[in-house]
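Undergrad: Can you read through this structure? Questions will come right after.
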Number of protein chains: 2
Amino acid sequence: MGQMVAGKSSEETIVRRIIKRVRIPPGSGLKVGIGDDCAVFRPRGSADDLLFTTDLLLEDVHFRRETHSAEDVGYKALARGLSDIAAMGGDPRFCLLSLAIPRWASPAWVDRFYRGFFGLAGKTATPLAGGDLARSRRLACDVIVCGAVPRNSALLRSGARPGDAIYVSGLLGGSALGLAGGKGRARKRHLRPEPRLALGKFLREKLHAHAAMDLSDGLSLDLRRMCLASGVSAEIEAPPVFPGASRKQALHGGEDYELLFVAPPASNPPSDFEGLPLTRIGTITAGRAGAVRLSGRPLAPLAFDHFRRP
Amino acid sequence: MGQMVAGKSSEETIVRRIIKRVRIPPGSGLKVGIGDDCAVFRPRGSADDLLFTTDLLLEDVHFRRETHSAEDVGYKALARGLSDIAAMGGDPRFCLLSLAIPRWASPAWVDRFYRGFFGLAGKTATPLAGGDLARSRRLACDVIVCGAVPRNSALLRSGARPGDAIYVSGLLGGSALGLAGGKGRARKRHLRPEPRLALGKFLREKLHAHAAMDLSDGLSLDLRRMCLASGVSAEIEAPPVFPGASRKQALHGGEDYELLFVAPPASNPPSDFEGLPLTRIGTITAGRAGAVRLSGRPLAPLAFDHFRRP
C-alpha cells in the first residue's frame with residue numbers, strides 16, 4: 001500500500017483528490033487511514049490494533065511472464081503486503097487473495113503460483129482466509145494482508161522528529177540491479193524480497209523507533225514521504241549499496257523492501273539485526289516538510305510513478 | 001467473495017485445490033475461512049467478530065465501458081462486497097480499494113468512478129481506509145469490505161437444517177433481464193443493486209435465521225452452495241419473478257444481490273421487510289448434500305462459471 005500517499009507527483013494528485021472525499025463516521029474504529037503503509041483499525045474492546053494493506057500485482061506492469069516464474073509471482077504477490085506489515089512492527093494474522101487468471105496460465109502454472117504463495121504464507125504463519133477468482137486477459141492479483149500490534153503501538157510514518165537518526169536495513173539497489181538484468185543475488189533480491197517481519201517487531205518492541213516504513217518505491221521517494229507525513233526534513237549521506245549496484249540504483253531503485261526507520265540518537269541500534277546490517281544514513285531536521293538533502297544538496301525523488309506522463 | 005466456494009464446477013475444482021493447501025496456525029483468530037460469503041476473524045479480546053470479503057470488478061469481464069457509466073462501475077465495485085457483509089448480518093466498518101486505471105480513463109472518468117463509489121460508501125457508513133493504485137490496459141478493481149457482528153453471531157451458509165423453511169428477499173431475475181437489454185427498473189437493478197444491510201441485520205438479530213447468503217451467482221447455484229455447506233438438500237417451488245424477467249432468469253440469473261435465508265418454520269418471518277417482499281420458496285430436507293429439486297425435479301445449476309470450458 002506504499003503508493004497511496006499524498007505528495008507531489010501525478011499519482012499523488014489522484015490520492016489527494018481521493019482523500020478529500022473520505023468521510024470517517026463518528027465512533028469508527030479507524031485510527032489511521034490513507035497515507036501510511038497500512039490502515040489501522042481498532043476492533044471494539046480489542047487488546048490489538050489491526051493493520052490492513054492491499055497490493056496489486058499486474059502482468060506487464062509489475063511482472064512479465066517471460067522473466068518471472070509462476071512461483072516467483074506467487075511469492076512476490078504476498079511478500080509486498082507482508083513488508084507493509086513489517087514496516088509497522090506487526091505480526092501477520094491472515095491474508096486474502098483476489099486472482100484473475102488468463103487463458104495462457106495452465107493449471108500447472110496456477111499450481112506453481114500457489115506453491116510460491118503458500119510457501120511464504122506457511123513460513124510467516126499467514127493463512128489464506130478467502131478471496132475471489134475471475135478470468136481476464138492478463139494476470140492480475142490483489143493481496144490483502146491483515147496484521148496485529150498491541151494497541152497504540154503501530155510504527156507510523158508520521159512520528160519522525162528533528163534530531164532523530166535515520167537508518168536503513170540491508171544494502172540498497174539490489175532489486176533495481178536485478179530488474180536491469182543483474183544475475184545471482186541481485187536477481188534473487190528482485191524476485192524474492194524478504195519481508196523484514198522480525199526486524200519490524202524489534203524496532204517496535206525493543207528500539208521504540210519513532211517512525212518506520214518499507215522501501216518499496218526507492219529511498220529518495222520513500223524518505224520524502226516519511227518527511228511529508230512527519231512534517232520534517234532530512235539530511236542524508238549515500239546509503240549502503242548492494243554489491244554491483246550503482247549509487248543511483250541505491251538512491252532511487254524500488255522494491256528492495258528493506259526498512260527505513262528513525263529513532264532518537266541515544267537509542268543506539270545494534271550494527272546488525274540477525275546478520276542484517278543496520279546503517280545510519282543521516283538525521284531528521286526541522287526544515288521544509290518533505291525536503292531531503294544528500295551530502296548537502298537537494299535530492300529529487302526519481303522513483304517510478306505509474307501516473308507520470310511520459 | 002461468493003465465488004470462492006468448493007462444489008462441482010471447474011472454478012470450484014481450483015478452489016478445492018487451494019483449500020487443501022491452507023494451513024491455519026494454532027491460536028489463529030480465524031473462525032471461518034474460504035467457503036462462505038466472508039471470512040470471519042476474532043481479534044484478541046474483542047466483543048466483535050470481523051467479517052472480510054473481497055471482490056474483483058474487471059473491465060470486459062464484469063462490466064463494459066460502452067454500457068456502464070463511471071458512476072455505475074464505482075457504485076457496483078463497492079455494492080458487491082457490502083452485499084456479502086449483509087448476507088452475514090454485519091455492519092460495515094471500512095473498505096479498501098485497489099484500482100488499476102487504463103489510459104482511456106480520463107481524470108473526469110476517474111472522478112465520476114469515485115463519485116459512485118463514495119456515494120454508496122457515505123450512505124452505508126463505510127469509510128475508505130486505504131488501497132493501491134496502478135496503471136493497466138484494462139480497468140481492474142478489487143474492493144475489500146470489513147464488517148462486524150457481535151461474537152459468534154455471523155450468519156453462515158453452513159447452518160441450514162432439515163425442516164428449515166427457505167426464503168428469498170425481493171423478486172429474482174431483474175439483473176439478468178437488465179444485462180440482456182431490459183430497460184427501466186431491470187436495468188437499474190443490474191447497474192445499482194442494493195446491498196440488503198438492514199435486512200441482514202434483521203435476520204441475525206430478530207429472526208435468528210439458521211443460514212443466509214447473498215444471491216450473486218443465481219438461485220440454482222447459490223442454493224446448491226448453501227446446501228453443500230450445510231450437508232443438506234432443498235425442495236423448492238418457482239421463486240418470485242422480477243416483472244418482465246423469465247422463469248429461467250429468476251432461477252439462474254446472477255447479480256440480483258437479494259438474500260437467500262433459512263429459518264425454522266415456527267419463526268414466521270413477516271411477508272415483507274421495510275417494503276421488500278420476503279417469500280417462502282421451499283424447505284430444507286435431509287437428502288444428498290447439495291441436491292436441489294424444483295417442483296420435484298432435479299434443478300441443475302446453470303449459472304455463469306468463469307472457468308467452465310466453452
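In the C-alpha cells, chains take letters A, B, ... by order of appearance, with residues numbered from 1 within each chain and ligands from 1 in the order shown.
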Distance cut-off 6 Å, counting only C-alpha atoms - which residues of chain B neighbour chain A? Return them as a list in words.

TA: Met1, Met4, Arg23, Ile24, Gly33, Ile34, Ala39, Arg44, Gly45, Ser46, Ala47, Thr54, Asp55, Pro127, Ala129, Gly130, Gly131, Asp132, Ala134, Arg135 and His306 of chain B

Undergrad: Can you tell me which residues surround segment 265-281 of chain A at a distance of at most 6 Å, considering only C-alpha atoms, apart from same-chain residues fewer than 4 positions away, and format the answer as a ChimeraX atom specification?

TA: /A:164-170,236-237,239

Undergrad: Can you list, as a PDB file with N, CA, C and O atoms, in the first residue's frame, every residue of segment 45-178 of chain A that DSSP puts in strand (DSSP E or B)?

TA:
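Written out: result-v2.pdb:
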ATOM      1  N   ASP A  48      -5.681  -5.520  20.650  1.00  0.00           N
ATOM      2  CA  ASP A  48      -4.815  -5.270  19.490  1.00  0.00           C
ATOM      3  C   ASP A  48      -5.382  -4.175  18.593  1.00  0.00           C
ATOM      4  O   ASP A  48      -6.594  -3.985  18.512  1.00  0.00           O
ATOM      5  N   ASP A  49      -4.499  -3.501  17.900  1.00  0.00           N
ATOM      6  CA  ASP A  49      -4.888  -2.742  16.710  1.00  0.00           C
ATOM      7  C   ASP A  49      -4.596  -3.626  15.508  1.00  0.00           C
ATOM      8  O   ASP A  49      -3.566  -4.321  15.474  1.00  0.00           O
ATOM      9  N   LEU A  50      -5.480  -3.606  14.536  1.00  0.00           N
ATOM     10  CA  LEU A  50      -5.266  -4.404  13.326  1.00  0.00           C
ATOM     11  C   LEU A  50      -4.746  -3.522  12.195  1.00  0.00           C
ATOM     12  O   LEU A  50      -5.138  -2.361  12.050  1.00  0.00           O
ATOM     13  N   LEU A  51      -3.841  -4.100  11.402  1.00  0.00           N
ATOM     14  CA  LEU A  51      -3.203  -3.406  10.284  1.00  0.00           C
ATOM     15  C   LEU A  51      -3.719  -4.034   8.989  1.00  0.00           C
ATOM     16  O   LEU A  51      -3.810  -5.265   8.897  1.00  0.00           O
ATOM     17  N   PHE A  52      -4.024  -3.207   7.995  1.00  0.00           N
ATOM     18  CA  PHE A  52      -4.513  -3.724   6.712  1.00  0.00           C
ATOM     19  C   PHE A  52      -3.773  -3.070   5.560  1.00  0.00           C
ATOM     20  O   PHE A  52      -3.643  -1.851   5.516  1.00  0.00           O
ATOM     21  N   THR A  53      -3.332  -3.904   4.640  1.00  0.00           N
ATOM     22  CA  THR A  53      -2.653  -3.395   3.459  1.00  0.00           C
ATOM     23  C   THR A  53      -3.101  -4.183   2.244  1.00  0.00           C
ATOM     24  O   THR A  53      -3.476  -5.350   2.352  1.00  0.00           O
ATOM     25  N   THR A  54      -3.109  -3.546   1.095  1.00  0.00           N
ATOM     26  CA  THR A  54      -3.510  -4.231  -0.127  1.00  0.00           C
ATOM     27  C   THR A  54      -2.578  -3.834  -1.259  1.00  0.00           C
ATOM     28  O   THR A  54      -2.184  -2.681  -1.381  1.00  0.00           O
ATOM     29  N   ASP A  55      -2.146  -4.811  -2.047  1.00  0.00           N
ATOM     30  CA  ASP A  55      -1.179  -4.563  -3.115  1.00  0.00           C
ATOM     31  C   ASP A  55      -1.572  -5.303  -4.381  1.00  0.00           C
ATOM     32  O   ASP A  55      -1.762  -6.518  -4.378  1.00  0.00           O
ATOM     33  N   LEU A  56      -1.648  -4.550  -5.468  1.00  0.00           N
ATOM     34  CA  LEU A  56      -1.881  -5.127  -6.788  1.00  0.00           C
ATOM     35  C   LEU A  56      -0.584  -5.673  -7.361  1.00  0.00           C
ATOM     36  O   LEU A  56       0.486  -5.073  -7.199  1.00  0.00           O
ATOM     37  N   LEU A  57      -0.664  -6.789  -8.057  1.00  0.00           N
ATOM     38  CA  LEU A  57       0.465  -7.298  -8.835  1.00  0.00           C
ATOM     39  C   LEU A  57      -0.096  -7.648 -10.210  1.00  0.00           C
ATOM     40  O   LEU A  57      -0.910  -8.568 -10.344  1.00  0.00           O
ATOM     41  N   LEU A  58       0.298  -6.856 -11.218  1.00  0.00           N
ATOM     42  CA  LEU A  58      -0.314  -6.963 -12.540  1.00  0.00           C
ATOM     43  C   LEU A  58       0.711  -7.401 -13.579  1.00  0.00           C
ATOM     44  O   LEU A  58       1.840  -6.887 -13.608  1.00  0.00           O
ATOM     45  N   GLU A  59       0.280  -8.324 -14.430  1.00  0.00           N
ATOM     46  CA  GLU A  59       1.115  -8.759 -15.551  1.00  0.00           C
ATOM     47  C   GLU A  59       1.429  -7.563 -16.453  1.00  0.00           C
ATOM     48  O   GLU A  59       0.566  -6.726 -16.715  1.00  0.00           O
ATOM     49  N   PHE A  63       5.168  -7.413 -13.339  1.00  0.00           N
ATOM     50  CA  PHE A  63       5.984  -8.579 -13.711  1.00  0.00           C
ATOM     51  C   PHE A  63       5.687  -8.976 -15.150  1.00  0.00           C
ATOM     52  O   PHE A  63       4.663  -8.560 -15.717  1.00  0.00           O
ATOM     53  N   ASP A  91       2.589  -8.370  13.508  1.00  0.00           N
ATOM     54  CA  ASP A  91       2.569  -9.819  13.263  1.00  0.00           C
ATOM     55  C   ASP A  91       1.473 -10.112  12.250  1.00  0.00           C
ATOM     56  O   ASP A  91       0.324  -9.698  12.463  1.00  0.00           O
ATOM     57  N   PRO A  92       1.755 -10.844  11.171  1.00  0.00           N
ATOM     58  CA  PRO A  92       0.674 -11.166  10.229  1.00  0.00           C
ATOM     59  C   PRO A  92      -0.367 -12.067  10.879  1.00  0.00           C
ATOM     60  O   PRO A  92      -0.028 -12.912  11.708  1.00  0.00           O
ATOM     61  N   ARG A  93      -1.631 -11.854  10.522  1.00  0.00           N
ATOM     62  CA  ARG A  93      -2.729 -12.667  11.056  1.00  0.00           C
ATOM     63  C   ARG A  93      -3.373 -13.528   9.970  1.00  0.00           C
ATOM     64  O   ARG A  93      -3.666 -14.686  10.177  1.00  0.00           O
ATOM     65  N   PHE A  94      -3.663 -12.939   8.808  1.00  0.00           N
ATOM     66  CA  PHE A  94      -4.227 -13.710   7.695  1.00  0.00           C
ATOM     67  C   PHE A  94      -4.107 -12.879   6.437  1.00  0.00           C
ATOM     68  O   PHE A  94      -3.722 -11.702   6.479  1.00  0.00           O
ATOM     69  N   CYS A  95      -4.423 -13.508   5.298  1.00  0.00           N
ATOM     70  CA  CYS A  95      -4.413 -12.757   4.045  1.00  0.00           C
ATOM     71  C   CYS A  95      -5.610 -13.170   3.194  1.00  0.00           C
ATOM     72  O   CYS A  95      -6.257 -14.192   3.439  1.00  0.00           O
ATOM     73  N   LEU A  96      -5.925 -12.337   2.212  1.00  0.00           N
ATOM     74  CA  LEU A  96      -6.952 -12.621   1.199  1.00  0.00           C
ATOM     75  C   LEU A  96      -6.302 -12.450  -0.164  1.00  0.00           C
ATOM     76  O   LEU A  96      -5.420 -11.606  -0.320  1.00  0.00           O
ATOM     77  N   LEU A  97      -6.738 -13.238  -1.135  1.00  0.00           N
ATOM     78  CA  LEU A  97      -6.132 -13.176  -2.474  1.00  0.00           C
ATOM     79  C   LEU A  97      -7.221 -13.110  -3.537  1.00  0.00           C
ATOM     80  O   LEU A  97      -8.027 -14.021  -3.654  1.00  0.00           O
ATOM     81  N   SER A  98      -7.244 -12.017  -4.288  1.00  0.00           N
ATOM     82  CA  SER A  98      -8.108 -11.934  -5.472  1.00  0.00           C
ATOM     83  C   SER A  98      -7.243 -12.187  -6.687  1.00  0.00           C
ATOM     84  O   SER A  98      -6.220 -11.524  -6.872  1.00  0.00           O
ATOM     85  N   LEU A  99      -7.660 -13.134  -7.519  1.00  0.00           N
ATOM     86  CA  LEU A  99      -6.813 -13.557  -8.627  1.00  0.00           C
ATOM     87  C   LEU A  99      -7.621 -13.651  -9.912  1.00  0.00           C
ATOM     88  O   LEU A  99      -8.639 -14.345  -9.966  1.00  0.00           O
ATOM     89  N   ALA A 100      -7.188 -12.913 -10.936  1.00  0.00           N
ATOM     90  CA  ALA A 100      -7.786 -13.014 -12.271  1.00  0.00           C
ATOM     91  C   ALA A 100      -6.793 -13.760 -13.144  1.00  0.00           C
ATOM     92  O   ALA A 100      -5.650 -13.337 -13.317  1.00  0.00           O
ATOM     93  N   ILE A 101      -7.240 -14.904 -13.677  1.00  0.00           N
ATOM     94  CA  ILE A 101      -6.346 -15.838 -14.362  1.00  0.00           C
ATOM     95  C   ILE A 101      -6.572 -15.788 -15.867  1.00  0.00           C
ATOM     96  O   ILE A 101      -7.705 -15.987 -16.320  1.00  0.00           O
ATOM     97  N   LEU A 128      -4.350 -18.144   4.348  1.00  0.00           N
ATOM     98  CA  LEU A 128      -5.252 -17.565   3.356  1.00  0.00           C
ATOM     99  C   LEU A 128      -6.685 -17.757   3.856  1.00  0.00           C
ATOM    100  O   LEU A 128      -7.131 -18.883   4.053  1.00  0.00           O
ATOM    101  N   ALA A 129      -7.402 -16.645   4.048  1.00  0.00           N
ATOM    102  CA  ALA A 129      -8.744 -16.705   4.633  1.00  0.00           C
ATOM    103  C   ALA A 129      -9.846 -16.628   3.598  1.00  0.00           C
ATOM    104  O   ALA A 129     -11.003 -16.892   3.915  1.00  0.00           O
ATOM    105  N   GLY A 130      -9.504 -16.241   2.359  1.00  0.00           N
ATOM    106  CA  GLY A 130     -10.541 -16.124   1.341  1.00  0.00           C
ATOM    107  C   GLY A 130     -10.044 -15.330   0.161  1.00  0.00           C
ATOM    108  O   GLY A 130      -8.851 -15.044   0.057  1.00  0.00           O
ATOM    109  N   GLY A 131     -10.979 -14.991  -0.733  1.00  0.00           N
ATOM    110  CA  GLY A 131     -10.582 -14.206  -1.885  1.00  0.00           C
ATOM    111  C   GLY A 131     -11.616 -14.266  -2.978  1.00  0.00           C
ATOM    112  O   GLY A 131     -12.784 -14.524  -2.733  1.00  0.00           O
ATOM    113  N   ASP A 132     -11.177 -13.992  -4.182  1.00  0.00           N
ATOM    114  CA  ASP A 132     -12.074 -14.022  -5.328  1.00  0.00           C
ATOM    115  C   ASP A 132     -11.284 -14.564  -6.521  1.00  0.00           C
ATOM    116  O   ASP A 132     -10.054 -14.465  -6.563  1.00  0.00           O
ATOM    117  N   LEU A 133     -11.988 -15.161  -7.472  1.00  0.00           N
ATOM    118  CA  LEU A 133     -11.366 -15.700  -8.687  1.00  0.00           C
ATOM    119  C   LEU A 133     -12.126 -15.198  -9.895  1.00  0.00           C
ATOM    120  O   LEU A 133     -13.348 -15.100  -9.868  1.00  0.00           O
ATOM    121  N   ALA A 134     -11.401 -14.871 -10.965  1.00  0.00           N
ATOM    122  CA  ALA A 134     -12.059 -14.495 -12.215  1.00  0.00           C
ATOM    123  C   ALA A 134     -11.115 -14.812 -13.365  1.00  0.00           C
ATOM    124  O   ALA A 134      -9.943 -15.148 -13.169  1.00  0.00           O
ATOM    125  N   ARG A 135     -11.672 -14.721 -14.574  1.00  0.00           N
ATOM    126  CA  ARG A 135     -10.888 -14.818 -15.796  1.00  0.00           C
ATOM    127  C   ARG A 135     -10.538 -13.422 -16.262  1.00  0.00           C
ATOM    128  O   ARG A 135     -11.330 -12.486 -16.088  1.00  0.00           O
ATOM    129  N   ALA A 140      -3.901 -10.744 -13.043  1.00  0.00           N
ATOM    130  CA  ALA A 140      -3.993  -9.639 -12.091  1.00  0.00           C
ATOM    131  C   ALA A 140      -4.237 -10.241 -10.732  1.00  0.00           C
ATOM    132  O   ALA A 140      -5.076 -11.128 -10.588  1.00  0.00           O
ATOM    133  N   CYS A 141      -3.456  -9.804  -9.749  1.00  0.00           N
ATOM    134  CA  CYS A 141      -3.830 -10.234  -8.412  1.00  0.00           C
ATOM    135  C   CYS A 141      -3.717  -9.095  -7.437  1.00  0.00           C
ATOM    136  O   CYS A 141      -2.988  -8.133  -7.635  1.00  0.00           O
ATOM    137  N   ASP A 142      -4.521  -9.206  -6.404  1.00  0.00           N
ATOM    138  CA  ASP A 142      -4.557  -8.217  -5.346  1.00  0.00           C
ATOM    139  C   ASP A 142      -4.506  -9.000  -4.045  1.00  0.00           C
ATOM    140  O   ASP A 142      -5.309  -9.903  -3.827  1.00  0.00           O
ATOM    141  N   VAL A 143      -3.505  -8.690  -3.218  1.00  0.00           N
ATOM    142  CA  VAL A 143      -3.348  -9.418  -1.965  1.00  0.00           C
ATOM    143  C   VAL A 143      -3.570  -8.461  -0.804  1.00  0.00           C
ATOM    144  O   VAL A 143      -3.003  -7.368  -0.775  1.00  0.00           O
ATOM    145  N   ILE A 144      -4.415  -8.875   0.115  1.00  0.00           N
ATOM    146  CA  ILE A 144      -4.692  -8.107   1.324  1.00  0.00           C
ATOM    147  C   ILE A 144      -4.049  -8.863   2.477  1.00  0.00           C
ATOM    148  O   ILE A 144      -4.243 -10.073   2.602  1.00  0.00           O
ATOM    149  N   VAL A 145      -3.265  -8.170   3.285  1.00  0.00           N
ATOM    150  CA  VAL A 145      -2.713  -8.811   4.472  1.00  0.00           C
ATOM    151  C   VAL A 145      -3.224  -8.059   5.695  1.00  0.00           C
ATOM    152  O   VAL A 145      -3.239  -6.826   5.725  1.00  0.00           O
ATOM    153  N   CYS A 146      -3.672  -8.834   6.703  1.00  0.00           N
ATOM    154  CA  CYS A 146      -4.044  -8.273   7.997  1.00  0.00           C
ATOM    155  C   CYS A 146      -2.968  -8.657   8.999  1.00  0.00           C
ATOM    156  O   CYS A 146      -2.548  -9.816   9.064  1.00  0.00           O
ATOM    157  N   GLY A 147      -2.500  -7.677   9.763  1.00  0.00           N
ATOM    158  CA  GLY A 147      -1.541  -7.923  10.830  1.00  0.00           C
ATOM    159  C   GLY A 147      -2.056  -7.314  12.123  1.00  0.00           C
ATOM    160  O   GLY A 147      -3.095  -6.659  12.133  1.00  0.00           O
ATOM    161  N   ALA A 148      -1.324  -7.538  13.213  1.00  0.00           N
ATOM    162  CA  ALA A 148      -1.758  -7.009  14.507  1.00  0.00           C
ATOM    163  C   ALA A 148      -0.575  -6.491  15.300  1.00  0.00           C
ATOM    164  O   ALA A 148       0.536  -7.016  15.195  1.00  0.00           O
ATOM    165  N   VAL A 149      -0.822  -5.455  16.072  1.00  0.00           N
ATOM    166  CA  VAL A 149       0.136  -4.935  17.070  1.00  0.00           C
ATOM    167  C   VAL A 149      -0.669  -4.652  18.333  1.00  0.00           C
ATOM    168  O   VAL A 149      -1.882  -4.410  18.260  1.00  0.00           O
ATOM    169  N   PRO A 150      -0.007  -4.643  19.507  1.00  0.00           N
ATOM    170  CA  PRO A 150      -0.731  -4.181  20.705  1.00  0.00           C
ATOM    171  C   PRO A 150      -1.232  -2.748  20.484  1.00  0.00           C
ATOM    172  O   PRO A 150      -0.590  -1.970  19.774  1.00  0.00           O
ATOM    173  N   ALA A 165      17.866  10.087  14.439  1.00  0.00           N
ATOM    174  CA  ALA A 165      18.813   9.478  13.498  1.00  0.00           C
ATOM    175  C   ALA A 165      18.045   8.620  12.500  1.00  0.00           C
ATOM    176  O   ALA A 165      17.039   7.993  12.850  1.00  0.00           O
ATOM    177  N   ILE A 166      18.492   8.636  11.226  1.00  0.00           N
ATOM    178  CA  ILE A 166      17.822   7.885  10.149  1.00  0.00           C
ATOM    179  C   ILE A 166      18.635   6.634   9.825  1.00  0.00           C
ATOM    180  O   ILE A 166      19.848   6.725   9.630  1.00  0.00           O
ATOM    181  N   TYR A 167      17.971   5.505   9.729  1.00  0.00           N
ATOM    182  CA  TYR A 167      18.632   4.229   9.453  1.00  0.00           C
ATOM    183  C   TYR A 167      17.955   3.498   8.294  1.00  0.00           C
ATOM    184  O   TYR A 167      16.763   3.682   8.058  1.00  0.00           O
ATOM    185  N   VAL A 168      18.740   2.660   7.617  1.00  0.00           N
ATOM    186  CA  VAL A 168      18.147   1.679   6.701  1.00  0.00           C
ATOM    187  C   VAL A 168      18.685   0.299   7.059  1.00  0.00           C
ATOM    188  O   VAL A 168      19.806   0.174   7.570  1.00  0.00           O
ATOM    189  N   SER A 169      17.882  -0.722   6.785  1.00  0.00           N
ATOM    190  CA  SER A 169      18.369  -2.099   6.927  1.00  0.00           C
ATOM    191  C   SER A 169      18.952  -2.544   5.594  1.00  0.00           C
ATOM    192  O   SER A 169      18.553  -2.056   4.531  1.00  0.00           O
ATOM    193  N   LEU A 172      21.109  -1.326  -0.414  1.00  0.00           N
ATOM    194  CA  LEU A 172      20.053  -0.864  -1.324  1.00  0.00           C
ATOM    195  C   LEU A 172      20.476  -0.932  -2.796  1.00  0.00           C
ATOM    196  O   LEU A 172      21.653  -0.842  -3.139  1.00  0.00           O
TER     197      LEU A 172
END

Undergrad: For Ala108 of chain B, which residue among B:Val262, B:Ala250, B:Leu203, B:Ala70 is the nearest when counting only C-alpha atoms?

TA: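 Among B:Val262, B:Ala250, B:Leu203, B:Ala70, it is B:Ala70 that comes nearest to Ala108 of chain B.
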